[in-house]
file my_file.txt (compact mmCIF, N, CA and C atoms)
# COMPACT_ATOMS: atom_id res chain seq x y z
N MET A 1371 0.85 -1.15 0.00
CA MET A 1371 0.00 0.00 0.00
C MET A 1371 0.91 1.23 0.00
N ASP A 1372 0.65 2.19 -0.85
CA ASP A 1372 1.41 3.43 -0.90
C ASP A 1372 0.72 4.53 -0.10
N ILE A 1373 1.50 5.32 0.61
CA ILE A 1373 0.99 6.51 1.29
C ILE A 1373 1.41 7.70 0.43
N LYS A 1374 0.42 8.45 -0.07
CA LYS A 1374 0.71 9.55 -0.99
C LYS A 1374 0.19 10.87 -0.45
N ASN A 1375 0.83 11.97 -0.87
CA ASN A 1375 0.32 13.30 -0.52
C ASN A 1375 -0.74 13.71 -1.53
N LYS A 1376 -1.29 14.90 -1.38
CA LYS A 1376 -2.37 15.35 -2.26
C LYS A 1376 -1.93 15.48 -3.71
N SER A 1377 -0.62 15.64 -3.94
CA SER A 1377 -0.10 15.75 -5.30
C SER A 1377 0.14 14.38 -5.94
N GLY A 1378 -0.01 13.32 -5.17
CA GLY A 1378 0.20 11.98 -5.69
C GLY A 1378 1.60 11.46 -5.50
N ASP A 1379 2.46 12.23 -4.82
CA ASP A 1379 3.83 11.77 -4.56
C ASP A 1379 3.81 10.72 -3.46
N VAL A 1380 4.59 9.66 -3.65
CA VAL A 1380 4.65 8.58 -2.65
C VAL A 1380 5.50 9.05 -1.47
N LEU A 1381 4.90 9.04 -0.28
CA LEU A 1381 5.59 9.42 0.95
C LEU A 1381 6.10 8.20 1.70
N GLY A 1382 5.46 7.09 1.51
CA GLY A 1382 5.86 5.86 2.20
C GLY A 1382 5.09 4.69 1.64
N LYS A 1383 5.53 3.50 2.00
CA LYS A 1383 4.89 2.27 1.54
C LYS A 1383 4.62 1.39 2.74
N ILE A 1384 3.50 0.70 2.72
CA ILE A 1384 3.15 -0.25 3.76
C ILE A 1384 3.06 -1.62 3.11
N GLN A 1385 3.79 -2.58 3.68
CA GLN A 1385 3.75 -3.95 3.20
C GLN A 1385 3.18 -4.80 4.32
N ILE A 1386 2.15 -5.53 4.04
CA ILE A 1386 1.50 -6.34 5.07
C ILE A 1386 2.04 -7.76 4.97
N GLU A 1387 2.61 -8.25 6.08
CA GLU A 1387 3.16 -9.60 6.15
C GLU A 1387 2.36 -10.38 7.18
N SER A 1388 2.09 -11.61 6.91
CA SER A 1388 1.40 -12.48 7.85
C SER A 1388 2.38 -13.00 8.88
N LEU A 1389 1.95 -13.05 10.12
CA LEU A 1389 2.79 -13.60 11.18
C LEU A 1389 2.48 -15.08 11.43
N ARG A 1390 1.87 -15.73 10.47
CA ARG A 1390 1.58 -17.15 10.62
C ARG A 1390 2.85 -17.97 10.71
N LYS A 1391 3.89 -17.55 10.01
CA LYS A 1391 5.18 -18.23 10.11
C LYS A 1391 6.02 -17.49 11.14
N ASP A 1392 6.80 -18.21 11.90
CA ASP A 1392 7.62 -17.61 12.95
C ASP A 1392 8.66 -16.64 12.40
N SER A 1393 9.04 -16.80 11.15
CA SER A 1393 10.14 -16.03 10.60
C SER A 1393 9.68 -14.83 9.75
N ALA A 1394 8.46 -14.35 9.91
CA ALA A 1394 7.96 -13.26 9.07
C ALA A 1394 8.83 -12.01 9.20
N ILE A 1395 9.15 -11.61 10.42
CA ILE A 1395 9.99 -10.42 10.61
C ILE A 1395 11.41 -10.71 10.14
N ASP A 1396 11.90 -11.90 10.38
CA ASP A 1396 13.24 -12.26 9.90
C ASP A 1396 13.32 -12.16 8.38
N ARG A 1397 12.27 -12.60 7.68
CA ARG A 1397 12.27 -12.52 6.22
C ARG A 1397 12.33 -11.07 5.77
N ILE A 1398 11.63 -10.18 6.45
CA ILE A 1398 11.65 -8.76 6.10
C ILE A 1398 13.06 -8.21 6.27
N VAL A 1399 13.69 -8.50 7.39
CA VAL A 1399 15.03 -7.99 7.68
C VAL A 1399 16.05 -8.55 6.69
N ILE A 1400 15.98 -9.84 6.40
CA ILE A 1400 16.93 -10.47 5.49
C ILE A 1400 16.81 -9.88 4.08
N ASP A 1401 15.60 -9.49 3.68
CA ASP A 1401 15.38 -8.97 2.33
C ASP A 1401 15.76 -7.50 2.17
N LEU A 1402 16.16 -6.82 3.26
CA LEU A 1402 16.54 -5.42 3.14
C LEU A 1402 17.79 -5.28 2.28
N LYS A 1403 17.74 -4.35 1.35
CA LYS A 1403 18.89 -4.06 0.50
C LYS A 1403 19.72 -2.96 1.15
N PRO A 1404 21.02 -2.86 0.85
CA PRO A 1404 21.84 -1.79 1.44
C PRO A 1404 21.24 -0.41 1.18
N GLY A 1405 21.15 0.38 2.23
CA GLY A 1405 20.56 1.71 2.15
C GLY A 1405 19.06 1.73 2.34
N GLU A 1406 18.45 0.60 2.63
CA GLU A 1406 17.01 0.49 2.77
C GLU A 1406 16.64 0.28 4.24
N GLY A 1407 15.52 0.83 4.65
CA GLY A 1407 15.02 0.63 6.00
C GLY A 1407 13.53 0.43 5.98
N LYS A 1408 13.01 -0.24 6.98
CA LYS A 1408 11.58 -0.49 7.08
C LYS A 1408 11.15 -0.37 8.52
N ALA A 1409 9.98 0.21 8.72
CA ALA A 1409 9.34 0.21 10.04
C ALA A 1409 8.38 -0.97 10.05
N ILE A 1410 8.41 -1.76 11.10
CA ILE A 1410 7.57 -2.95 11.19
C ILE A 1410 6.61 -2.77 12.36
N TYR A 1411 5.32 -2.94 12.09
CA TYR A 1411 4.28 -2.87 13.12
C TYR A 1411 3.73 -4.28 13.33
N THR A 1412 3.76 -4.74 14.57
CA THR A 1412 3.22 -6.05 14.91
C THR A 1412 1.87 -5.84 15.58
N ALA A 1413 0.80 -6.21 14.89
CA ALA A 1413 -0.56 -5.90 15.34
C ALA A 1413 -0.94 -6.60 16.63
N ASP A 1414 -0.47 -7.82 16.86
CA ASP A 1414 -0.92 -8.54 18.05
C ASP A 1414 0.04 -8.45 19.23
N ALA A 1415 1.05 -7.59 19.14
CA ALA A 1415 2.01 -7.45 20.24
C ALA A 1415 1.45 -6.53 21.31
N THR A 1416 1.74 -6.83 22.57
CA THR A 1416 1.30 -5.96 23.67
C THR A 1416 2.35 -4.91 23.99
N GLU A 1417 3.61 -5.22 23.71
CA GLU A 1417 4.71 -4.28 23.90
C GLU A 1417 5.56 -4.27 22.64
N ASN A 1418 6.27 -3.18 22.43
CA ASN A 1418 7.18 -3.07 21.29
C ASN A 1418 6.49 -3.41 19.97
N GLN A 1419 5.37 -2.75 19.71
CA GLN A 1419 4.62 -3.01 18.49
C GLN A 1419 5.37 -2.53 17.24
N PHE A 1420 6.20 -1.50 17.40
CA PHE A 1420 6.93 -0.95 16.27
C PHE A 1420 8.41 -1.26 16.39
N THR A 1421 9.04 -1.55 15.28
CA THR A 1421 10.48 -1.71 15.23
C THR A 1421 10.97 -1.11 13.93
N GLN A 1422 12.11 -0.48 13.97
CA GLN A 1422 12.72 0.10 12.77
C GLN A 1422 13.96 -0.72 12.44
N GLN A 1423 14.00 -1.28 11.25
CA GLN A 1423 15.12 -2.10 10.82
C GLN A 1423 15.80 -1.41 9.63
N THR A 1424 17.10 -1.28 9.68
CA THR A 1424 17.84 -0.59 8.62
C THR A 1424 19.07 -1.39 8.23
N ASN A 1425 19.30 -1.50 6.94
CA ASN A 1425 20.53 -2.09 6.41
C ASN A 1425 21.30 -0.92 5.80
N TYR A 1426 22.25 -0.40 6.55
CA TYR A 1426 22.97 0.79 6.10
C TYR A 1426 23.89 0.46 4.93
N ALA A 1427 23.90 1.34 3.95
CA ALA A 1427 24.78 1.15 2.80
C ALA A 1427 26.21 1.50 3.20
N ALA A 1428 27.15 0.76 2.66
CA ALA A 1428 28.56 1.01 2.95
C ALA A 1428 29.02 2.29 2.26
N ILE A 1429 29.91 3.01 2.92
CA ILE A 1429 30.51 4.22 2.35
C ILE A 1429 31.99 3.95 2.15
N PRO A 1430 32.49 4.12 0.94
CA PRO A 1430 33.92 3.87 0.72
C PRO A 1430 34.79 4.79 1.58
N TRP A 1431 35.85 4.23 2.17
CA TRP A 1431 36.75 5.01 3.01
C TRP A 1431 38.18 4.53 2.75
N GLU A 1432 39.03 5.43 2.33
CA GLU A 1432 40.39 5.04 1.98
C GLU A 1432 41.45 5.74 2.84
N ASP A 1433 41.02 6.49 3.87
CA ASP A 1433 41.95 7.29 4.66
C ASP A 1433 42.47 6.59 5.91
N GLY A 1434 42.14 5.33 6.12
CA GLY A 1434 42.66 4.60 7.25
C GLY A 1434 41.84 4.78 8.52
N PHE A 1435 42.06 3.87 9.46
CA PHE A 1435 41.30 3.83 10.70
C PHE A 1435 41.59 5.04 11.61
N GLU A 1436 42.86 5.47 11.65
CA GLU A 1436 43.23 6.59 12.52
C GLU A 1436 42.48 7.87 12.11
N GLN A 1437 42.40 8.13 10.83
CA GLN A 1437 41.67 9.32 10.34
C GLN A 1437 40.17 9.21 10.66
N LEU A 1438 39.64 8.01 10.55
CA LEU A 1438 38.25 7.79 10.89
C LEU A 1438 37.99 8.08 12.36
N GLN A 1439 38.91 7.65 13.23
CA GLN A 1439 38.76 7.92 14.65
C GLN A 1439 38.78 9.41 14.96
N LYS A 1440 39.54 10.18 14.22
CA LYS A 1440 39.60 11.63 14.42
C LYS A 1440 38.28 12.29 14.07
N LEU A 1441 37.61 11.77 13.05
CA LEU A 1441 36.35 12.36 12.59
C LEU A 1441 35.14 11.94 13.40
N TYR A 1442 35.16 10.70 13.90
CA TYR A 1442 33.99 10.17 14.60
C TYR A 1442 34.39 9.63 15.95
N SER A 1443 33.65 10.02 16.96
CA SER A 1443 33.91 9.49 18.30
C SER A 1443 32.72 8.63 18.73
N PRO A 1444 32.96 7.69 19.63
CA PRO A 1444 31.86 6.82 20.09
C PRO A 1444 30.76 7.61 20.77

call {"tool": "encode", "arguments": {"input": "my_file.txt", "output": "structure tokens"}}
result
Amino acid sequence: MDIKNKSGDVLGKIQIESLRKDSAIDRIVIDLKPGEGKAIYTADATENQFTQQTNYAAIPWEDGFEQLQKLYSP
């Protein structure tokens, strides 16, 4: 299902998965492509109904680990 604004632009997509199989959420996560993320809503859960799963795309880095540490801190 697509979520669109009044102009018809797609703002988001909803994919409905059945939880009849134990691995429904696992299948969603495994199928994520690099740079893709999905919010998952579990209708019958009492807690943690929403989860955000992201497969971050790799960014090429050729400056070495020491330079990376200078730019980013934990």

call {"tool": "atom_distance", "arguments": {"input": "my_file.txt", "atom1": "CA of Arg1397 (chain A)", "atom2": "CA of Ile1410 (chain A)"}}
result
11.8 Å

call {"tool": "residues_near_point", "arguments": {"input": "my_file.txt", "point": "(5.0, 1.7, 2.2)", "cutoff": "7 Å", "atoms": "all atoms listed in the file", "output": "PDB file with N, CA and C atoms, in the frame of the given file"}}
result
ATOM      1  N   MET A1371       0.850  -1.150   0.000  1.00  0.00           N
ATOM      2  CA  MET A1371       0.000   0.000   0.000  1.00  0.00           C
ATOM      3  C   MET A1371       0.910   1.230   0.000  1.00  0.00           C
ATOM      4  N   ASP A1372       0.650   2.190  -0.850  1.00  0.00           N
ATOM      5  CA  ASP A1372       1.410   3.430  -0.900  1.00  0.00           C
ATOM      6  C   ASP A1372       0.720   4.530  -0.100  1.00  0.00           C
ATOM      7  N   ILE A1373       1.500   5.320   0.610  1.00  0.00           N
ATOM      8  CA  ILE A1373       0.990   6.510   1.290  1.00  0.00           C
ATOM      9  C   ILE A1373       1.410   7.700   0.430  1.00  0.00           C
ATOM     10  N   LEU A1381       4.900   9.040  -0.280  1.00  0.00           N
ATOM     11  CA  LEU A1381       5.590   9.420   0.950  1.00  0.00           C
ATOM     12  C   LEU A1381       6.100   8.200   1.700  1.00  0.00           C
ATOM     13  N   GLY A1382       5.460   7.090   1.510  1.00  0.00           N
ATOM     14  CA  GLY A1382       5.860   5.860   2.200  1.00  0.00           C
ATOM     15  C   GLY A1382       5.090   4.690   1.640  1.00  0.00           C
ATOM     16  N   LYS A1383       5.530   3.500   2.000  1.00  0.00           N
ATOM     17  CA  LYS A1383       4.890   2.270   1.540  1.00  0.00           C
ATOM     18  C   LYS A1383       4.620   1.390   2.740  1.00  0.00           C
ATOM     19  N   ILE A1384       3.500   0.700   2.720  1.00  0.00           N
ATOM     20  CA  ILE A1384       3.150  -0.250   3.760  1.00  0.00           C
ATOM     21  C   ILE A1384       3.060  -1.620   3.110  1.00  0.00           C
ATOM     22  N   GLN A1385       3.790  -2.580   3.680  1.00  0.00           N
ATOM     23  CA  GLN A1385       3.750  -3.950   3.200  1.00  0.00           C
ATOM     24  C   GLN A1385       3.180  -4.800   4.320  1.00  0.00           C
TER      25      GLN A1385
END

call {"tool": "select_by_dssp", "arguments": {"input": "my_file.txt", "residues": "chain A", "states": "strand (DSSP E or B)", "output": "PyMOL selection string"}}
result
chain A and resi 1372-1374+1380-1383+1406-1411+1420-1425

call {"tool": "atom_distance", "arguments": {"input": "my_file.txt", "atom1": "CA of Gly1407 (chain A)", "atom2": "CA of Leu1441 (chain A)"}}
result
25.2 Å

call {"tool": "atom_distance", "arguments": {"input": "my_file.txt", "atom1": "CA of Lys1408 (chain A)", "atom2": "CA of Gln1422 (chain A)"}}
result
5.8 Å

call {"tool": "select_by_dssp", "arguments": {"input": "my_file.txt", "residues": "chain A", "states": "alpha helix (DSSP H)", "output": "ChimeraX atom specification"}}
result
/A:1394-1400,1434-1441

call {"tool": "residues_around", "arguments": {"input": "my_file.txt", "residues": "region 1426-1437 of chain A", "least_positions_apart": "2", "cutoff": "7 Å", "atoms": "only C-alpha atoms", "output": "ChimeraX atom specification"}}
result
/A:1404-1406,1424,1439-1441

call {"tool": "build_atoms", "arguments": {"input": "my_file.txt", "residues": "region 1411-1430 of chain A", "atoms": "N, CA, C and O atoms", "output": "compact mmCIF listing (two decimals), in the coordinates of the input"}}
result
# COMPACT_ATOMS: atom_id res chain seq x y z
N TYR A 1411 5.32 -2.94 12.09
CA TYR A 1411 4.28 -2.87 13.12
C TYR A 1411 3.73 -4.28 13.33
O TYR A 1411 3.32 -4.94 12.39
N THR A 1412 3.76 -4.74 14.57
CA THR A 1412 3.22 -6.05 14.91
C THR A 1412 1.87 -5.84 15.58
O THR A 1412 1.80 -5.34 16.70
N ALA A 1413 0.80 -6.21 14.89
CA ALA A 1413 -0.56 -5.90 15.34
C ALA A 1413 -0.94 -6.60 16.63
O ALA A 1413 -1.66 -6.04 17.44
N ASP A 1414 -0.47 -7.82 16.86
CA ASP A 1414 -0.92 -8.54 18.05
C ASP A 1414 0.04 -8.45 19.23
O ASP A 1414 -0.13 -9.14 20.22
N ALA A 1415 1.05 -7.59 19.14
CA ALA A 1415 2.01 -7.45 20.24
C ALA A 1415 1.45 -6.53 21.31
O ALA A 1415 0.75 -5.57 21.02
N THR A 1416 1.74 -6.83 22.57
CA THR A 1416 1.30 -5.96 23.67
C THR A 1416 2.35 -4.91 23.99
O THR A 1416 2.03 -3.86 24.49
N GLU A 1417 3.61 -5.22 23.71
CA GLU A 1417 4.71 -4.28 23.90
C GLU A 1417 5.56 -4.27 22.64
O GLU A 1417 5.60 -5.24 21.89
N ASN A 1418 6.27 -3.18 22.43
CA ASN A 1418 7.18 -3.07 21.29
C ASN A 1418 6.49 -3.41 19.97
O ASN A 1418 6.95 -4.24 19.20
N GLN A 1419 5.37 -2.75 19.71
CA GLN A 1419 4.62 -3.01 18.49
C GLN A 1419 5.37 -2.53 17.24
O GLN A 1419 5.16 -3.05 16.17
N PHE A 1420 6.20 -1.50 17.40
CA PHE A 1420 6.93 -0.95 16.27
C PHE A 1420 8.41 -1.26 16.39
O PHE A 1420 8.97 -1.21 17.48
N THR A 1421 9.04 -1.55 15.28
CA THR A 1421 10.48 -1.71 15.23
C THR A 1421 10.97 -1.11 13.93
O THR A 1421 10.28 -1.18 12.92
N GLN A 1422 12.11 -0.48 13.97
CA GLN A 1422 12.72 0.10 12.77
C GLN A 1422 13.96 -0.72 12.44
O GLN A 1422 14.85 -0.85 13.27
N GLN A 1423 14.00 -1.28 11.25
CA GLN A 1423 15.12 -2.10 10.82
C GLN A 1423 15.80 -1.41 9.63
O GLN A 1423 15.13 -1.00 8.70
N THR A 1424 17.10 -1.28 9.68
CA THR A 1424 17.84 -0.59 8.62
C THR A 1424 19.07 -1.39 8.23
O THR A 1424 19.77 -1.91 9.09
N ASN A 1425 19.30 -1.50 6.94
CA ASN A 1425 20.53 -2.09 6.41
C ASN A 1425 21.30 -0.92 5.80
O ASN A 1425 21.02 -0.49 4.69
N TYR A 1426 22.25 -0.40 6.55
CA TYR A 1426 22.97 0.79 6.10
C TYR A 1426 23.89 0.46 4.93
O TYR A 1426 24.57 -0.57 4.94
N ALA A 1427 23.90 1.34 3.95
CA ALA A 1427 24.78 1.15 2.80
C ALA A 1427 26.21 1.50 3.20
O ALA A 1427 26.45 2.42 3.98
N ALA A 1428 27.15 0.76 2.66
CA ALA A 1428 28.56 1.01 2.95
C ALA A 1428 29.02 2.29 2.26
O ALA A 1428 28.56 2.63 1.18
N ILE A 1429 29.91 3.01 2.92
CA ILE A 1429 30.51 4.22 2.35
C ILE A 1429 31.99 3.95 2.15
O ILE A 1429 32.68 3.59 3.11
N PRO A 1430 32.49 4.12 0.94
CA PRO A 1430 33.92 3.87 0.72
C PRO A 1430 34.79 4.79 1.58
O PRO A 1430 34.50 5.97 1.72
